[in-house]
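Structure first, then comments.
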Amino acid sequence: MEKRELIYEGKAKRLFNTDDATLVIAEFKDDLTAFNGAKKDTEAGKGALNNKISTALFQMLAEKGIESHFVAMLDDTNMLCKKVDIIMIEVIVRNVATGSLSKNLGIPDGKVLPFTLVEFDYKNDALGDPKLNDQHCMILELIKNEAELDQLRAMARQVNDILRPYFHAKGLNLVDFKLEFGRDVNGKIILADEISPDNCRFWDLATGEKMDKDRFRQGMGGLKVAYEEVLNRILN
Ligand code: 5GP
């Protein structure tokens, strides 16, 4: 597979065209950003860890019937993916209150939610990823119709129903996570982006220790060791 020109550079990945018009290569970067890019750093090896974690999770989800853009892991930092048109809605799934939910609504940090909450954020750095309701999504033409919004919610819940017990068995509490979806060449909505400690919160079930990007957001250090531990638990 030939890696051709850069088509997009995001905060955590670069996307390249390939010699196949239906496939792209996602290159995972070592860059870390938080607070909408206001805090930045680099952690050597972070990209490779996220590539390996995402690969294992996309493969596991595929076995359970969840289609994603994942095709193959090419090497430590490069993932071959189906080309998709990304839907500019970040689908946020929450099992436990923390982060912006606790901050915005005053729900105590660590409170287990009575049911899994699915929210939408606008994938728009210039606006700081604001919250969206269904009508906002329609007015902004981020989605074709309300049925597709229900489809996003249903797919996100399905992913959570698989990942939550999977991580529980590995001693990790899946607190919340962000998913992105895209349309493949046939217009079908499939899971895209990555699933890693950059966009999930994992708390160790025994100690409560944070095993995700909150270590960077909160200046705790030990990010790489935590990501390595998440990968080890996935692989063992
Ligand atoms: P919160 O809204 O509490 O900041 O984030 C909720 C969950 O979604 C967390 O797991 C967080 O990592 C993820 N998340 C929300 N927005 C983004 C984003 O713009 N980028 C990434 N990588 N993750 C996000």
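Residues in the structure tokens are named by chain (A, B, ... in the order shown) and by number from 1 within that chain; ligands are numbered from 1 in the order shown.
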Residue neighbourhood region 87-104 of chain A, 7 Å, only C-alpha atoms, exclusion window fewer than 6 positions, as a list in words: Gly110, Lys111, Val112, Leu113, Thr116, Leu117, Val118, Glu119, Phe120, Asp121, Tyr122, Lys123, Leu142, Ala156, Val175, Asp176, Phe177, Lys178, Leu179, Glu180, Phe181 and Gly182 of chain A
Can you pull out every residue within 9 Å of region 185-193 of chain A, counting only C-alpha atoms, but drop anything in the same chain fewer than 6 positions away, and send it as a PDB file with all heavy atoms, in the first residue's frame?
```
ATOM      1  N   THR A  22     -10.331   4.214  -2.326  1.00  0.00           N
ATOM      2  CA  THR A  22     -11.301   3.950  -1.255  1.00  0.00           C
ATOM      3  C   THR A  22     -10.627   3.818   0.119  1.00  0.00           C
ATOM      4  O   THR A  22     -11.314   3.615   1.122  1.00  0.00           O
ATOM      5  CB  THR A  22     -12.092   2.654  -1.525  1.00  0.00           C
ATOM      6  OG1 THR A  22     -11.202   1.530  -1.424  1.00  0.00           O
ATOM      7  CG2 THR A  22     -12.730   2.673  -2.901  1.00  0.00           C
ATOM      8  N   ALA A  26      -4.140   6.420   8.280  1.00  0.00           N
ATOM      9  CA  ALA A  26      -4.135   7.314   9.442  1.00  0.00           C
ATOM     10  C   ALA A  26      -2.820   7.109  10.175  1.00  0.00           C
ATOM     11  O   ALA A  26      -2.486   5.979  10.541  1.00  0.00           O
ATOM     12  CB  ALA A  26      -5.319   6.985  10.364  1.00  0.00           C
ATOM     13  N   SER A  54      -6.368   1.036  19.549  1.00  0.00           N
ATOM     14  CA  SER A  54      -7.509   1.182  18.628  1.00  0.00           C
ATOM     15  C   SER A  54      -7.650  -0.036  17.735  1.00  0.00           C
ATOM     16  O   SER A  54      -8.766  -0.504  17.479  1.00  0.00           O
ATOM     17  CB  SER A  54      -7.325   2.428  17.746  1.00  0.00           C
ATOM     18  OG  SER A  54      -7.373   3.585  18.519  1.00  0.00           O
ATOM     19  N   PHE A  58     -11.043  -2.057  17.603  1.00  0.00           N
ATOM     20  CA  PHE A  58     -11.823  -2.144  16.355  1.00  0.00           C
ATOM     21  C   PHE A  58     -11.977  -3.614  15.923  1.00  0.00           C
ATOM     22  O   PHE A  58     -13.040  -4.012  15.439  1.00  0.00           O
ATOM     23  CB  PHE A  58     -11.149  -1.340  15.237  1.00  0.00           C
ATOM     24  CG  PHE A  58     -11.393   0.151  15.294  1.00  0.00           C
ATOM     25  CD1 PHE A  58     -10.367   1.059  15.021  1.00  0.00           C
ATOM     26  CD2 PHE A  58     -12.646   0.674  15.588  1.00  0.00           C
ATOM     27  CE1 PHE A  58     -10.584   2.436  15.063  1.00  0.00           C
ATOM     28  CE2 PHE A  58     -12.878   2.046  15.629  1.00  0.00           C
ATOM     29  CZ  PHE A  58     -11.840   2.926  15.365  1.00  0.00           C
ATOM     30  N   ILE A  66     -19.861  -4.763  14.935  1.00  0.00           N
ATOM     31  CA  ILE A  66     -19.794  -3.301  14.779  1.00  0.00           C
ATOM     32  C   ILE A  66     -18.823  -2.970  13.655  1.00  0.00           C
ATOM     33  O   ILE A  66     -17.609  -3.191  13.776  1.00  0.00           O
ATOM     34  CB  ILE A  66     -19.314  -2.609  16.076  1.00  0.00           C
ATOM     35  CG1 ILE A  66     -20.162  -3.017  17.277  1.00  0.00           C
ATOM     36  CG2 ILE A  66     -19.249  -1.087  15.884  1.00  0.00           C
ATOM     37  CD1 ILE A  66     -21.516  -2.383  17.355  1.00  0.00           C
ATOM     38  N   GLU A  67     -19.364  -2.402  12.594  1.00  0.00           N
ATOM     39  CA  GLU A  67     -18.514  -2.080  11.441  1.00  0.00           C
ATOM     40  C   GLU A  67     -17.799  -0.752  11.680  1.00  0.00           C
ATOM     41  O   GLU A  67     -18.413   0.221  12.117  1.00  0.00           O
ATOM     42  CB  GLU A  67     -19.394  -1.983  10.188  1.00  0.00           C
ATOM     43  CG  GLU A  67     -18.606  -2.148   8.924  1.00  0.00           C
ATOM     44  CD  GLU A  67     -19.459  -2.011   7.668  1.00  0.00           C
ATOM     45  OE1 GLU A  67     -20.670  -2.303   7.711  1.00  0.00           O
ATOM     46  OE2 GLU A  67     -18.894  -1.585   6.655  1.00  0.00           O
ATOM     47  N   SER A  68     -16.501  -0.713  11.360  1.00  0.00           N
ATOM     48  CA  SER A  68     -15.742   0.531  11.489  1.00  0.00           C
ATOM     49  C   SER A  68     -14.907   0.760  10.244  1.00  0.00           C
ATOM     50  O   SER A  68     -14.869  -0.081   9.341  1.00  0.00           O
ATOM     51  CB  SER A  68     -14.823   0.488  12.714  1.00  0.00           C
ATOM     52  OG  SER A  68     -13.660  -0.249  12.418  1.00  0.00           O
ATOM     53  N   HIS A  69     -14.199   1.887  10.244  1.00  0.00           N
ATOM     54  CA  HIS A  69     -13.335   2.198   9.105  1.00  0.00           C
ATOM     55  C   HIS A  69     -12.021   1.412   9.144  1.00  0.00           C
ATOM     56  O   HIS A  69     -11.256   1.447   8.184  1.00  0.00           O
ATOM     57  CB  HIS A  69     -13.059   3.711   9.031  1.00  0.00           C
ATOM     58  CG  HIS A  69     -12.173   4.247  10.114  1.00  0.00           C
ATOM     59  ND1 HIS A  69     -11.471   5.428   9.963  1.00  0.00           N
ATOM     60  CD2 HIS A  69     -11.863   3.781  11.338  1.00  0.00           C
ATOM     61  CE1 HIS A  69     -10.774   5.662  11.071  1.00  0.00           C
ATOM     62  NE2 HIS A  69     -10.987   4.686  11.906  1.00  0.00           N
ATOM     63  N   PHE A  70     -11.777   0.668  10.220  1.00  0.00           N
ATOM     64  CA  PHE A  70     -10.505  -0.048  10.376  1.00  0.00           C
ATOM     65  C   PHE A  70     -10.335  -1.133   9.314  1.00  0.00           C
ATOM     66  O   PHE A  70     -11.230  -1.934   9.089  1.00  0.00           O
ATOM     67  CB  PHE A  70     -10.431  -0.687  11.770  1.00  0.00           C
ATOM     68  CG  PHE A  70      -9.215  -1.547  11.969  1.00  0.00           C
ATOM     69  CD1 PHE A  70      -8.000  -0.978  12.306  1.00  0.00           C
ATOM     70  CD2 PHE A  70      -9.284  -2.923  11.781  1.00  0.00           C
ATOM     71  CE1 PHE A  70      -6.866  -1.769  12.474  1.00  0.00           C
ATOM     72  CE2 PHE A  70      -8.162  -3.720  11.944  1.00  0.00           C
ATOM     73  CZ  PHE A  70      -6.949  -3.154  12.295  1.00  0.00           C
ATOM     74  N   CYS A  81      -7.292   2.541   6.682  1.00  0.00           N
ATOM     75  CA  CYS A  81      -8.720   2.739   6.980  1.00  0.00           C
ATOM     76  C   CYS A  81      -9.507   2.925   5.696  1.00  0.00           C
ATOM     77  O   CYS A  81      -8.977   3.423   4.699  1.00  0.00           O
ATOM     78  CB  CYS A  81      -8.918   4.013   7.805  1.00  0.00           C
ATOM     79  SG  CYS A  81      -8.051   4.043   9.362  1.00  0.00           S
ATOM     80  N   LYS A  82     -10.804   2.571   5.762  1.00  0.00           N
ATOM     81  CA  LYS A  82     -11.705   2.918   4.655  1.00  0.00           C
ATOM     82  C   LYS A  82     -11.860   4.429   4.638  1.00  0.00           C
ATOM     83  O   LYS A  82     -11.944   5.063   5.701  1.00  0.00           O
ATOM     84  CB  LYS A  82     -13.082   2.292   4.885  1.00  0.00           C
ATOM     85  CG  LYS A  82     -13.097   0.796   4.815  1.00  0.00           C
ATOM     86  CD  LYS A  82     -14.490   0.279   5.170  1.00  0.00           C
ATOM     87  CE  LYS A  82     -14.410  -1.188   5.512  1.00  0.00           C
ATOM     88  NZ  LYS A  82     -15.572  -1.666   6.282  1.00  0.00           N
ATOM     89  N   LYS A  83     -11.916   4.985   3.449  1.00  0.00           N
ATOM     90  CA  LYS A  83     -12.149   6.432   3.349  1.00  0.00           C
ATOM     91  C   LYS A  83     -13.605   6.708   3.728  1.00  0.00           C
ATOM     92  O   LYS A  83     -14.518   6.045   3.213  1.00  0.00           O
ATOM     93  CB  LYS A  83     -11.875   6.900   1.906  1.00  0.00           C
ATOM     94  CG  LYS A  83     -11.834   8.398   1.766  1.00  0.00           C
ATOM     95  CD  LYS A  83     -11.469   8.807   0.343  1.00  0.00           C
ATOM     96  CE  LYS A  83     -10.154   9.538   0.333  1.00  0.00           C
ATOM     97  NZ  LYS A  83      -9.722   9.972  -0.990  1.00  0.00           N
ATOM     98  N   VAL A  84     -13.810   7.650   4.623  1.00  0.00           N
ATOM     99  CA  VAL A  84     -15.182   8.029   4.998  1.00  0.00           C
ATOM    100  C   VAL A  84     -15.300   9.549   5.006  1.00  0.00           C
ATOM    101  O   VAL A  84     -14.299  10.251   5.134  1.00  0.00           O
ATOM    102  CB  VAL A  84     -15.586   7.500   6.405  1.00  0.00           C
ATOM    103  CG1 VAL A  84     -15.630   5.989   6.447  1.00  0.00           C
ATOM    104  CG2 VAL A  84     -14.687   8.047   7.505  1.00  0.00           C
ATOM    105  N   ASP A  85     -16.535  10.002   4.853  1.00  0.00           N
ATOM    106  CA  ASP A  85     -16.841  11.415   5.111  1.00  0.00           C
ATOM    107  C   ASP A  85     -17.237  11.505   6.564  1.00  0.00           C
ATOM    108  O   ASP A  85     -18.287  10.963   6.965  1.00  0.00           O
ATOM    109  CB  ASP A  85     -18.033  11.876   4.252  1.00  0.00           C
ATOM    110  CG  ASP A  85     -17.587  12.255   2.861  1.00  0.00           C
ATOM    111  OD1 ASP A  85     -16.418  12.644   2.709  1.00  0.00           O
ATOM    112  OD2 ASP A  85     -18.418  12.130   1.935  1.00  0.00           O
ATOM    113  N   ILE A  86     -16.406  12.189   7.355  1.00  0.00           N
ATOM    114  CA  ILE A  86     -16.676  12.259   8.796  1.00  0.00           C
ATOM    115  C   ILE A  86     -17.925  13.106   9.054  1.00  0.00           C
ATOM    116  O   ILE A  86     -18.093  14.195   8.483  1.00  0.00           O
ATOM    117  CB  ILE A  86     -15.455  12.848   9.543  1.00  0.00           C
ATOM    118  CG1 ILE A  86     -14.300  11.830   9.568  1.00  0.00           C
ATOM    119  CG2 ILE A  86     -15.813  13.283  10.970  1.00  0.00           C
ATOM    120  CD1 ILE A  86     -14.489  10.647  10.518  1.00  0.00           C
ATOM    121  N   ILE A  87     -18.811  12.607   9.895  1.00  0.00           N
ATOM    122  CA  ILE A  87     -19.970  13.380  10.373  1.00  0.00           C
ATOM    123  C   ILE A  87     -19.445  14.266  11.495  1.00  0.00           C
ATOM    124  O   ILE A  87     -18.795  13.774  12.423  1.00  0.00           O
ATOM    125  CB  ILE A  87     -21.070  12.409  10.865  1.00  0.00           C
ATOM    126  CG1 ILE A  87     -21.601  11.579   9.677  1.00  0.00           C
ATOM    127  CG2 ILE A  87     -22.195  13.171  11.560  1.00  0.00           C
ATOM    128  CD1 ILE A  87     -22.477  10.411  10.066  1.00  0.00           C
ATOM    129  N   GLU A 148     -31.318   9.337  11.486  1.00  0.00           N
ATOM    130  CA  GLU A 148     -29.861   9.113  11.526  1.00  0.00           C
ATOM    131  C   GLU A 148     -29.266   9.480  12.887  1.00  0.00           C
ATOM    132  O   GLU A 148     -28.302   8.855  13.331  1.00  0.00           O
ATOM    133  CB  GLU A 148     -29.164   9.900  10.415  1.00  0.00           C
ATOM    134  CG  GLU A 148     -29.316   9.255   9.057  1.00  0.00           C
ATOM    135  CD  GLU A 148     -28.423   9.868   8.004  1.00  0.00           C
ATOM    136  OE1 GLU A 148     -27.902  10.985   8.218  1.00  0.00           O
ATOM    137  OE2 GLU A 148     -28.242   9.233   6.946  1.00  0.00           O
ATOM    138  N   GLN A 151     -29.896   6.625  14.932  1.00  0.00           N
ATOM    139  CA  GLN A 151     -28.953   5.566  14.539  1.00  0.00           C
ATOM    140  C   GLN A 151     -27.598   5.774  15.234  1.00  0.00           C
ATOM    141  O   GLN A 151     -27.000   4.822  15.744  1.00  0.00           O
ATOM    142  CB  GLN A 151     -28.785   5.598  13.016  1.00  0.00           C
ATOM    143  CG  GLN A 151     -28.086   4.387  12.447  1.00  0.00           C
ATOM    144  CD  GLN A 151     -27.835   4.525  10.944  1.00  0.00           C
ATOM    145  OE1 GLN A 151     -28.530   5.268  10.239  1.00  0.00           O
ATOM    146  NE2 GLN A 151     -26.834   3.828  10.452  1.00  0.00           N
ATOM    147  N   LEU A 152     -27.116   7.024  15.272  1.00  0.00           N
ATOM    148  CA  LEU A 152     -25.847   7.321  15.964  1.00  0.00           C
ATOM    149  C   LEU A 152     -25.945   6.949  17.442  1.00  0.00           C
ATOM    150  O   LEU A 152     -25.030   6.343  18.003  1.00  0.00           O
ATOM    151  CB  LEU A 152     -25.479   8.809  15.843  1.00  0.00           C
ATOM    152  CG  LEU A 152     -25.120   9.349  14.470  1.00  0.00           C
ATOM    153  CD1 LEU A 152     -24.670  10.806  14.599  1.00  0.00           C
ATOM    154  CD2 LEU A 152     -24.010   8.527  13.821  1.00  0.00           C
ATOM    155  N   MET A 155     -25.989   3.127  17.805  1.00  0.00           N
ATOM    156  CA  MET A 155     -24.670   2.525  17.562  1.00  0.00           C
ATOM    157  C   MET A 155     -23.732   2.812  18.733  1.00  0.00           C
ATOM    158  O   MET A 155     -22.965   1.941  19.167  1.00  0.00           O
ATOM    159  CB  MET A 155     -24.074   3.044  16.245  1.00  0.00           C
ATOM    160  CG  MET A 155     -24.797   2.507  15.017  1.00  0.00           C
ATOM    161  SD  MET A 155     -24.294   3.326  13.468  1.00  0.00           S
ATOM    162  CE  MET A 155     -22.789   2.449  13.096  1.00  0.00           C
ATOM    163  N   ALA A 156     -23.793   4.029  19.266  1.00  0.00           N
ATOM    164  CA  ALA A 156     -22.932   4.390  20.398  1.00  0.00           C
ATOM    165  C   ALA A 156     -23.270   3.540  21.624  1.00  0.00           C
ATOM    166  O   ALA A 156     -22.380   3.082  22.343  1.00  0.00           O
ATOM    167  CB  ALA A 156     -23.073   5.875  20.710  1.00  0.00           C
ATOM    168  N   LEU A 179     -17.020   9.080  20.461  1.00  0.00           N
ATOM    169  CA  LEU A 179     -16.932   8.357  19.188  1.00  0.00           C
ATOM    170  C   LEU A 179     -17.168   9.317  18.039  1.00  0.00           C
ATOM    171  O   LEU A 179     -17.858  10.331  18.193  1.00  0.00           O
ATOM    172  CB  LEU A 179     -17.994   7.253  19.111  1.00  0.00           C
ATOM    173  CG  LEU A 179     -17.930   6.125  20.145  1.00  0.00           C
ATOM    174  CD1 LEU A 179     -19.120   5.182  19.954  1.00  0.00           C
ATOM    175  CD2 LEU A 179     -16.620   5.349  20.046  1.00  0.00           C
TER     176      LEU A 179
END
```
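Between Leu74 (chain A) and the residues A:Glu27, A:Glu209, A:Glu194, A:Glu141, the shortest atom-to-atom distance, using only C-alpha atoms, involves A:Glu27.
Shortest atom-to-atom contact with ligand 1 among A:Asn232, A:Asn173, A:Gln59, A:Asn124: A:Asn124, counting only C-alpha atoms and all ligand atoms.
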Of the listed residues A:Ala44, A:Ala126, A:Leu140, A:Ala34, that which approaches ligand 1 most closely, counting only C-alpha atoms and all ligand atoms: A:Ala34
